[in-house]
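Below: work-v9.pdb (PDB, C-alpha atoms)
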ATOM      1  CA  MET A   1      11.214  -8.179  -0.502
ATOM      2  CA  ILE A   2      11.438  -6.158   2.717
ATOM      3  CA  ASN A   3      13.555  -7.508   5.569
ATOM      4  CA  PRO A   4      11.095  -9.342   7.892
ATOM      5  CA  SER A   5      13.259  -8.715  10.967
ATOM      6  CA  ILE A   6      12.834  -4.978  10.430
ATOM      7  CA  SER A   7       9.148  -5.166   9.464
ATOM      8  CA  ALA A   8       8.322  -7.270  12.519
ATOM      9  CA  ARG A   9       9.303  -4.335  14.730
ATOM     10  CA  LEU A  10       7.078  -1.839  12.935
ATOM     11  CA  SER A  11       4.139  -0.554  14.956
ATOM     12  CA  ILE A  12       0.589  -1.167  13.715
ATOM     13  CA  VAL A  13      -2.384   0.949  14.807
ATOM     14  CA  ALA A  14      -5.987   0.612  13.608
ATOM     15  CA  VAL A  15      -8.460   3.405  12.889
ATOM     16  CA  VAL A  16     -12.199   2.690  12.993
ATOM     17  CA  PRO A  17     -14.430   5.530  11.721
ATOM     18  CA  ALA A  18     -17.681   5.200  13.685
ATOM     19  CA  ALA A  19     -19.265   8.635  13.391
ATOM     20  CA  GLY A  20     -21.906   7.703  10.803
ATOM     21  CA  ILE A  21     -25.627   7.510  11.480
ATOM     22  CA  GLY A  22     -26.577   4.857   8.886
ATOM     23  CA  THR A  23     -29.904   6.233   7.636
ATOM     24  CA  ARG A  24     -30.379   3.375   5.143
ATOM     25  CA  MET A  25     -30.812   0.910   8.012
ATOM     26  CA  ARG A  26     -33.964   2.748   9.189
ATOM     27  CA  SER A  27     -33.066   1.826  12.789
ATOM     28  CA  VAL A  28     -33.611   3.696  16.052
ATOM     29  CA  CYS A  29     -29.859   3.972  16.637
ATOM     30  CA  PRO A  30     -26.781   4.178  14.379
ATOM     31  CA  LYS A  31     -26.195   0.807  12.733
ATOM     32  CA  GLN A  32     -22.868   0.231  14.490
ATOM     33  CA  TYR A  33     -24.756   0.092  17.804
ATOM     34  CA  LEU A  34     -27.298  -2.506  16.752
ATOM     35  CA  SER A  35     -26.909  -5.655  18.830
ATOM     36  CA  ILE A  36     -26.244  -9.232  17.729
ATOM     37  CA  GLN A  37     -26.126 -11.913  20.422
ATOM     38  CA  GLY A  38     -25.533  -9.376  23.172
ATOM     39  CA  LYS A  39     -22.777  -7.368  21.475
ATOM     40  CA  THR A  40     -22.970  -4.345  19.218
ATOM     41  CA  ILE A  41     -21.772  -4.467  15.635
ATOM     42  CA  LEU A  42     -19.038  -1.989  16.571
ATOM     43  CA  GLU A  43     -17.784  -4.286  19.331
ATOM     44  CA  TYR A  44     -17.477  -7.194  16.906
ATOM     45  CA  SER A  45     -15.637  -4.999  14.392
ATOM     46  CA  VAL A  46     -13.199  -3.610  16.954
ATOM     47  CA  MET A  47     -12.604  -6.887  18.791
ATOM     48  CA  ALA A  48     -11.677  -8.580  15.512
ATOM     49  CA  LEU A  49      -8.756  -6.155  15.369
ATOM     50  CA  LEU A  50      -7.877  -6.241  19.071
ATOM     51  CA  SER A  51      -7.749 -10.034  19.036
ATOM     52  CA  HIS A  52      -4.744  -9.912  16.705
ATOM     53  CA  GLU A  53      -1.501  -9.774  18.641
ATOM     54  CA  GLU A  54       0.188  -7.460  16.129
ATOM     55  CA  VAL A  55      -2.349  -4.624  16.461
ATOM     56  CA  GLU A  56      -1.135  -2.347  19.249
ATOM     57  CA  ARG A  57      -4.116  -0.044  19.697
ATOM     58  CA  ILE A  58      -7.330   1.142  18.081
ATOM     59  CA  ILE A  59      -8.457   4.700  17.461
ATOM     60  CA  VAL A  60     -12.245   4.983  17.211
ATOM     61  CA  SER A  61     -13.680   8.206  15.792
ATOM     62  CA  ILE A  62     -17.237   8.878  16.959
ATOM     63  CA  SER A  63     -19.794  11.630  16.490
ATOM     64  CA  PRO A  64     -19.707  14.483  19.033
ATOM     65  CA  ASP A  65     -23.381  13.624  19.637
ATOM     66  CA  ASP A  66     -22.713   9.915  20.264
ATOM     67  CA  SER A  67     -24.623   8.770  23.358
ATOM     68  CA  TYR A  68     -23.851   5.056  23.015
ATOM     69  CA  PHE A  69     -20.110   4.418  22.916
ATOM     70  CA  TYR A  70     -19.193   5.172  26.521
ATOM     71  CA  ASP A  71     -21.752   2.659  27.776
ATOM     72  CA  LEU A  72     -19.897  -0.185  26.054
ATOM     73  CA  PRO A  73     -17.386  -2.359  27.951
ATOM     74  CA  LEU A  74     -15.086  -1.610  25.021
ATOM     75  CA  ALA A  75     -14.817   2.019  26.117
ATOM     76  CA  LYS A  76     -12.845   0.960  29.202
ATOM     77  CA  ASP A  77     -10.208  -0.982  27.266
ATOM     78  CA  ALA A  78      -6.804   0.692  27.664
ATOM     79  CA  ARG A  79      -5.947  -0.093  24.041
ATOM     80  CA  ILE A  80      -8.855   2.018  22.759
ATOM     81  CA  GLN A  81      -8.477   5.737  22.062
ATOM     82  CA  VAL A  82     -11.606   7.749  21.261
ATOM     83  CA  LEU A  83     -11.852  11.020  19.363
ATOM     84  CA  HIS A  84     -14.484  12.991  17.484
ATOM     85  CA  GLY A  85     -14.826  12.307  13.775
ATOM     86  CA  GLY A  86     -15.265  14.736  10.911
ATOM     87  CA  ILE A  87     -18.145  15.694   8.646
ATOM     88  CA  ASN A  88     -17.747  12.540   6.528
ATOM     89  CA  ARG A  89     -15.949   9.204   6.565
ATOM     90  CA  ALA A  90     -12.758  10.504   4.958
ATOM     91  CA  GLU A  91     -12.464  13.343   7.481
ATOM     92  CA  SER A  92     -13.107  10.916  10.350
ATOM     93  CA  VAL A  93     -10.377   8.618   9.064
ATOM     94  CA  LEU A  94      -7.996  11.545   8.697
ATOM     95  CA  ALA A  95      -8.643  12.622  12.286
ATOM     96  CA  GLY A  96      -7.761   9.113  13.424
ATOM     97  CA  LEU A  97      -4.649   8.994  11.264
ATOM     98  CA  ARG A  98      -3.350  12.225  12.725
ATOM     99  CA  ALA A  99      -3.751  10.743  16.198
ATOM    100  CA  ALA A 100      -1.815   7.681  15.000
ATOM    101  CA  LYS A 101       0.868   9.647  13.151
ATOM    102  CA  ASN A 102       3.730   8.009  15.065
ATOM    103  CA  ALA A 103       2.659   4.531  13.955
ATOM    104  CA  ASP A 104       4.540   2.886  11.112
ATOM    105  CA  TRP A 105       1.531   1.167   9.542
ATOM    106  CA  VAL A 106      -2.187   1.747   9.952
ATOM    107  CA  LEU A 107      -5.265  -0.390   9.400
ATOM    108  CA  VAL A 108      -8.578   1.294   8.560
ATOM    109  CA  HIS A 109     -11.651  -0.839   9.202
ATOM    110  CA  ASP A 110     -15.372  -0.125   8.816
ATOM    111  CA  ALA A 111     -17.304   0.115  12.087
ATOM    112  CA  ALA A 112     -20.153  -1.849  10.489
ATOM    113  CA  ARG A 113     -18.078  -4.770   9.188
ATOM    114  CA  PRO A 114     -18.263  -7.252  12.086
ATOM    115  CA  CYS A 115     -17.404 -10.558  10.381
ATOM    116  CA  LEU A 116     -13.668 -10.101   9.798
ATOM    117  CA  HIS A 117     -11.716 -13.353  10.149
ATOM    118  CA  LYS A 118      -8.323 -13.429  11.819
ATOM    119  CA  ASP A 119      -6.728 -15.341   8.948
ATOM    120  CA  ASP A 120      -7.773 -12.607   6.498
ATOM    121  CA  LEU A 121      -6.291  -9.977   8.800
ATOM    122  CA  SER A 122      -3.050 -11.944   9.124
ATOM    123  CA  ASN A 123      -2.779 -12.242   5.346
ATOM    124  CA  LEU A 124      -3.262  -8.495   4.987
ATOM    125  CA  LEU A 125      -0.625  -7.708   7.615
ATOM    126  CA  GLU A 126       1.881  -9.780   5.624
ATOM    127  CA  LEU A 127       2.013  -6.870   3.165
ATOM    128  CA  ARG A 128       4.484  -5.063   5.375
ATOM    129  CA  TYR A 129       7.019  -7.747   4.429
ATOM    130  CA  LYS A 130       6.578  -7.304   0.696
ATOM    131  CA  SER A 131       5.224  -3.833  -0.091
ATOM    132  CA  LYS A 132       6.073  -0.216   0.623
ATOM    133  CA  VAL A 133       2.585   0.882  -0.458
ATOM    134  CA  GLY A 134       0.208  -1.534   1.270
ATOM    135  CA  GLY A 135      -3.131  -2.843   0.103
ATOM    136  CA  ILE A 136      -6.663  -3.920   0.891
ATOM    137  CA  LEU A 137      -8.780  -6.980   1.477
ATOM    138  CA  ALA A 138     -10.935  -7.584  -1.588
ATOM    139  CA  THR A 139     -13.037 -10.239  -3.294
ATOM    140  CA  PRO A 140     -13.239 -10.956  -7.036
ATOM    141  CA  VAL A 141     -16.602 -10.021  -8.568
ATOM    142  CA  ARG A 142     -18.673 -13.152  -9.238
ATOM    143  CA  ASP A 143     -21.912 -11.716 -10.624
ATOM    144  CA  THR A 144     -22.550 -10.411 -14.127
ATOM    145  CA  MET A 145     -22.145  -6.629 -14.017
ATOM    146  CA  LYS A 146     -24.433  -4.196 -15.863
ATOM    147  CA  ARG A 147     -23.953  -0.469 -16.432
ATOM    148  CA  SER A 148     -27.156   1.581 -16.592
ATOM    149  CA  ARG A 149     -27.863   4.626 -18.672
ATOM    150  CA  SER A 150     -27.291   7.891 -16.861
ATOM    151  CA  GLY A 151     -30.209   8.581 -14.525
ATOM    152  CA  ILE A 152     -32.313   5.739 -15.975
ATOM    153  CA  ASP A 153     -32.777   2.179 -14.674
ATOM    154  CA  VAL A 154     -32.168   0.708 -18.111
ATOM    155  CA  ILE A 155     -29.170  -1.421 -19.083
ATOM    156  CA  LYS A 156     -26.642   0.396 -21.235
ATOM    157  CA  HIS A 157     -24.206  -2.500 -21.558
ATOM    158  CA  THR A 158     -22.640  -5.442 -19.740
ATOM    159  CA  VAL A 159     -19.338  -4.790 -17.991
ATOM    160  CA  THR A 160     -16.894  -7.682 -18.065
ATOM    161  CA  ARG A 161     -16.249  -8.888 -14.521
ATOM    162  CA  GLU A 162     -12.721 -10.004 -15.386
ATOM    163  CA  TRP A 163     -10.269  -8.007 -13.247
ATOM    164  CA  LEU A 164     -13.100  -6.471 -11.164
ATOM    165  CA  TRP A 165     -12.920  -6.704  -7.366
ATOM    166  CA  HIS A 166     -15.102  -5.653  -4.442
ATOM    167  CA  ALA A 167     -13.080  -3.459  -2.080
ATOM    168  CA  LEU A 168     -13.412  -4.512   1.563
ATOM    169  CA  THR A 169     -11.793  -3.464   4.820
ATOM    170  CA  PRO A 170      -9.457  -3.461   6.612
ATOM    171  CA  GLN A 171      -7.195  -1.469   4.334
ATOM    172  CA  PHE A 172      -3.524  -1.351   5.335
ATOM    173  CA  PHE A 173      -0.969   1.322   4.493
ATOM    174  CA  PRO A 174       2.127   3.076   5.823
ATOM    175  CA  CYS A 175       0.650   5.742   8.088
ATOM    176  CA  LYS A 176       2.583   8.752   6.798
ATOM    177  CA  LEU A 177       1.896   7.792   3.181
ATOM    178  CA  LEU A 178      -1.838   7.478   3.787
ATOM    179  CA  ILE A 179      -2.000  10.821   5.616
ATOM    180  CA  MET A 180      -0.165  12.531   2.761
ATOM    181  CA  CYS A 181      -2.359  10.997   0.052
ATOM    182  CA  LEU A 182      -5.631  11.534   1.894
ATOM    183  CA  GLU A 183      -4.862  15.170   2.677
ATOM    184  CA  TYR A 184      -3.853  15.839  -0.925
ATOM    185  CA  ALA A 185      -6.860  14.063  -2.444
ATOM    186  CA  LEU A 186      -9.309  15.903  -0.181
ATOM    187  CA  ASN A 187      -7.653  19.254  -0.875
ATOM    188  CA  GLN A 188      -8.011  18.565  -4.608
ATOM    189  CA  GLY A 189     -11.727  17.831  -4.253
ATOM    190  CA  CYS A 190     -11.339  14.124  -5.007
ATOM    191  CA  ASN A 191     -14.296  11.905  -4.076
ATOM    192  CA  VAL A 192     -12.515   9.617  -1.613
ATOM    193  CA  THR A 193     -14.718   6.545  -1.227
ATOM    194  CA  ASP A 194     -12.072   4.473   0.543
ATOM    195  CA  GLU A 195      -8.452   4.883   1.592
ATOM    196  CA  ALA A 196      -7.120   3.040  -1.446
ATOM    197  CA  SER A 197      -8.782   5.583  -3.735
ATOM    198  CA  ALA A 198      -6.690   8.344  -2.136
ATOM    199  CA  LEU A 199      -3.503   6.433  -2.920
ATOM    200  CA  GLU A 200      -4.729   5.706  -6.448
ATOM    201  CA  TYR A 201      -5.372   9.433  -6.946
ATOM    202  CA  CYS A 202      -1.737  10.078  -6.034
ATOM    203  CA  GLY A 203      -0.431   7.498  -8.497
ATOM    204  CA  TYR A 204       0.105   4.515  -6.202
ATOM    205  CA  HIS A 205      -1.116   0.971  -6.856
ATOM    206  CA  PRO A 206      -2.174  -0.833  -3.651
ATOM    207  CA  ILE A 207      -2.143  -4.620  -3.586
ATOM    208  CA  LEU A 208      -5.360  -6.658  -3.630
ATOM    209  CA  VAL A 209      -5.374  -9.350  -0.940
ATOM    210  CA  PRO A 210      -8.138 -11.935  -1.526
ATOM    211  CA  GLY A 211     -10.487 -12.124   1.445
ATOM    212  CA  ARG A 212     -13.598 -14.015   2.473
ATOM    213  CA  TYR A 213     -16.957 -13.200   0.918
ATOM    214  CA  ASP A 214     -18.670 -13.180   4.314
ATOM    215  CA  ASN A 215     -16.707 -10.090   5.419
ATOM    216  CA  ILE A 216     -19.830  -8.031   4.758
ATOM    217  CA  LYS A 217     -20.570  -4.409   5.564
ATOM    218  CA  ILE A 218     -23.929  -3.798   7.204
ATOM    219  CA  THR A 219     -25.659  -1.104   5.174
ATOM    220  CA  ARG A 220     -29.242  -2.324   4.743
ATOM    221  CA  PRO A 221     -31.604  -4.408   6.906
ATOM    222  CA  GLU A 222     -30.955  -7.572   4.897
ATOM    223  CA  ASP A 223     -27.217  -7.246   5.635
ATOM    224  CA  PHE A 224     -28.003  -7.395   9.350
ATOM    225  CA  ALA A 225     -29.654 -10.789   8.930
ATOM    226  CA  LEU A 226     -26.623 -12.113   7.029
ATOM    227  CA  ALA A 227     -24.278 -10.832   9.730
ATOM    228  CA  GLN A 228     -26.359 -12.564  12.392
ATOM    229  CA  LEU A 229     -25.990 -15.840  10.511
ATOM    230  CA  CYS A 230     -22.228 -15.441  10.001
ATOM    231  CA  LEU A 231     -21.557 -14.492  13.612
ATOM    232  CA  SER A 232     -23.706 -17.323  14.980
ATOM    233  CA  LYS A 233     -21.624 -19.801  12.959
ATOM    234  CA  ASN A 234     -18.340 -18.258  14.099
ATOM    235  CA  ASN A 235     -19.364 -18.258  17.749
TER     236      ASN A 235
END
Since I need it in another form, could you write the structure as structure tokens?
Amino acid sequence: MINPSISARLSIVAVVPAAGIGTRMRSVCPKQYLSIQGKTILEYSVMALLSHEEVERIIVSISPDDSYFYDLPLAKDARIQVLHGGINRAESVLAGLRAAKNADWVLVHDAARPCLHKDDLSNLLELRYKSKVGGILATPVRDTMKRSRSGIDVIKHTVTREWLWHALTPQFFPCKLLIMCLEYALNQGCNVTDEASALEYCGYHPILVPGRYDNIKITRPEDFALAQLCLSKNN
């Protein structure tokens, strides 16, 4: 157990990679700028972090060609720092981490995950009291899982769902540790699909913090409808 009096003084910064274009949504603008009840998805995602008193500031990485962000009220918030992202999500996260390098702990949250609940975030932040590695929000798999044959939409076998989890965001790690692991994994050609995978590649074992199933990531049009429903209930 880590001394809470020391951990309470540790600085927490969030990084939100928002440089993607979201082609699977088939929308006229990047998915993070689609609007629900008068606010963009990105605004919901960022405000969920800003509303927590322990998050000091947010670093948002956007595309150099982004023509939307600076029109948002969010862009004028003094707690928001904006920078240009990289060629992929991992590079965009790394750019944000380098800007946050003086922080003790860092949250990384998807720009298109607008339904984060404050209680889930609080539970995740508790990790700084009990872990030197950090962890992620996740949900246990509930559906029966099938593995297909390579390149063919035919079932090869059923995968037991016991011990399987869906990785969500935010993900929460000591900043210097995450920078080190992400840089090393990328330099080694590792396929970094989330921040936890970079730590796994380096031999660490992040903690799984159970989260809510409605903390969905908007990837396809049907996800947008679900997010609308969740946000209408919350508001």
Answer key for the PyMOL selection byres ((chain A and resi 68-82) around 6), residues as a short mmCIF file (atom, residue, chain, number, x, y, z; two decimals) with C-alpha atoms, in the coordinates of the input:
data_model
loop_
_atom_site.label_atom_id
_atom_site.label_comp_id
_atom_site.auth_asym_id
_atom_site.auth_seq_id
_atom_site.Cartn_x
_atom_site.Cartn_y
_atom_site.Cartn_z
CA ARG A 57 -4.12 -0.04 19.70
CA ILE A 58 -7.33 1.14 18.08
CA ILE A 59 -8.46 4.70 17.46
CA VAL A 60 -12.24 4.98 17.21
CA SER A 61 -13.68 8.21 15.79
CA ASP A 66 -22.71 9.91 20.26
CA SER A 67 -24.62 8.77 23.36
CA LEU A 83 -11.85 11.02 19.36
#
Practice task
May I have the residues within 9 Å of Arg113 of chain A as JSON, numbers by chain, using only C-alpha atoms and disregarding those fewer than 5 positions away in the same chain?
Solution key: {"A": [32, 41, 42, 44, 45, 168, 169, 215, 216, 217, 218, 227]}
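Of note, atom CA of Leu208 of chain A and atom CA of Leu178 of chain A are spaced 16.3 Å apart.
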Exercise for the section: Starting from the shown file, work through the PyMOL selection byres ((chain A and resi 99-107) around 10) and note down what comes out as number ranges by chain. Expected result: A: 7, 9-16, 49, 55-59, 81-83, 93-98, 108-109, 121, 124-125, 128, 134-136, 169-179, 195
Practice task
Could you expand the PyMOL selection byres ((chain A and resi 144) around 10) into the explicit residues it covers here, written as a ChimeraX atom specification?
Solution key: /A:141-143,145-146,158-162
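Across the model, the gap from atom CA of His117 of chain A to atom CA of Ala138 of chain A is 13.1 Å.
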Handout entry: Distance query Glu200 of chain A at most 12 Å, only C-alpha atoms, self and fewer than 2 positions along chain excluded, as a list of chain:residue names
Key = A:Val133, A:Gly134, A:Gly135, A:Leu177, A:Leu178, A:Cys181, A:Leu182, A:Tyr184, A:Ala185, A:Cys190, A:Asn191, A:Val192, A:Thr193, A:Asp194, A:Glu195, A:Ala196, A:Ser197, A:Ala198, A:Cys202, A:Gly203, A:Tyr204, A:His205, A:Pro206, A:Ile207
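Atom CA of Leu116 of chain A to atom CA of Glu222 of chain A spans 18.1 Å [interatomic distance, one decimal].
With all atoms listed in the file as the basis for measurement, A:Asp119 is the residue among A:Asp119, A:Asp110, A:Glu54, A:Asp65 that approaches Pro210 of chain A most closely.
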Practice task
Mind checking which residues fall within 8 Å of Ala19 of chain A, counting all atoms listed in the file, ignoring those fewer than 4 positions away in the same chain, and posting them as a PyMOL selection string?
Solution key: chain A and resi 61-63+66+84-86+89+92
Provide an axis-aligned box for all listed atoms of segment 115-125 of chain A, padding each side by 4 Å; report its centre and its edge lengths in Å to one decimal, as lines of an AutoDock Vina configuration file.
center_x = -9.0
center_y = -11.5
center_z = 8.4
size_x = 24.8
size_y = 15.6
size_z = 14.8
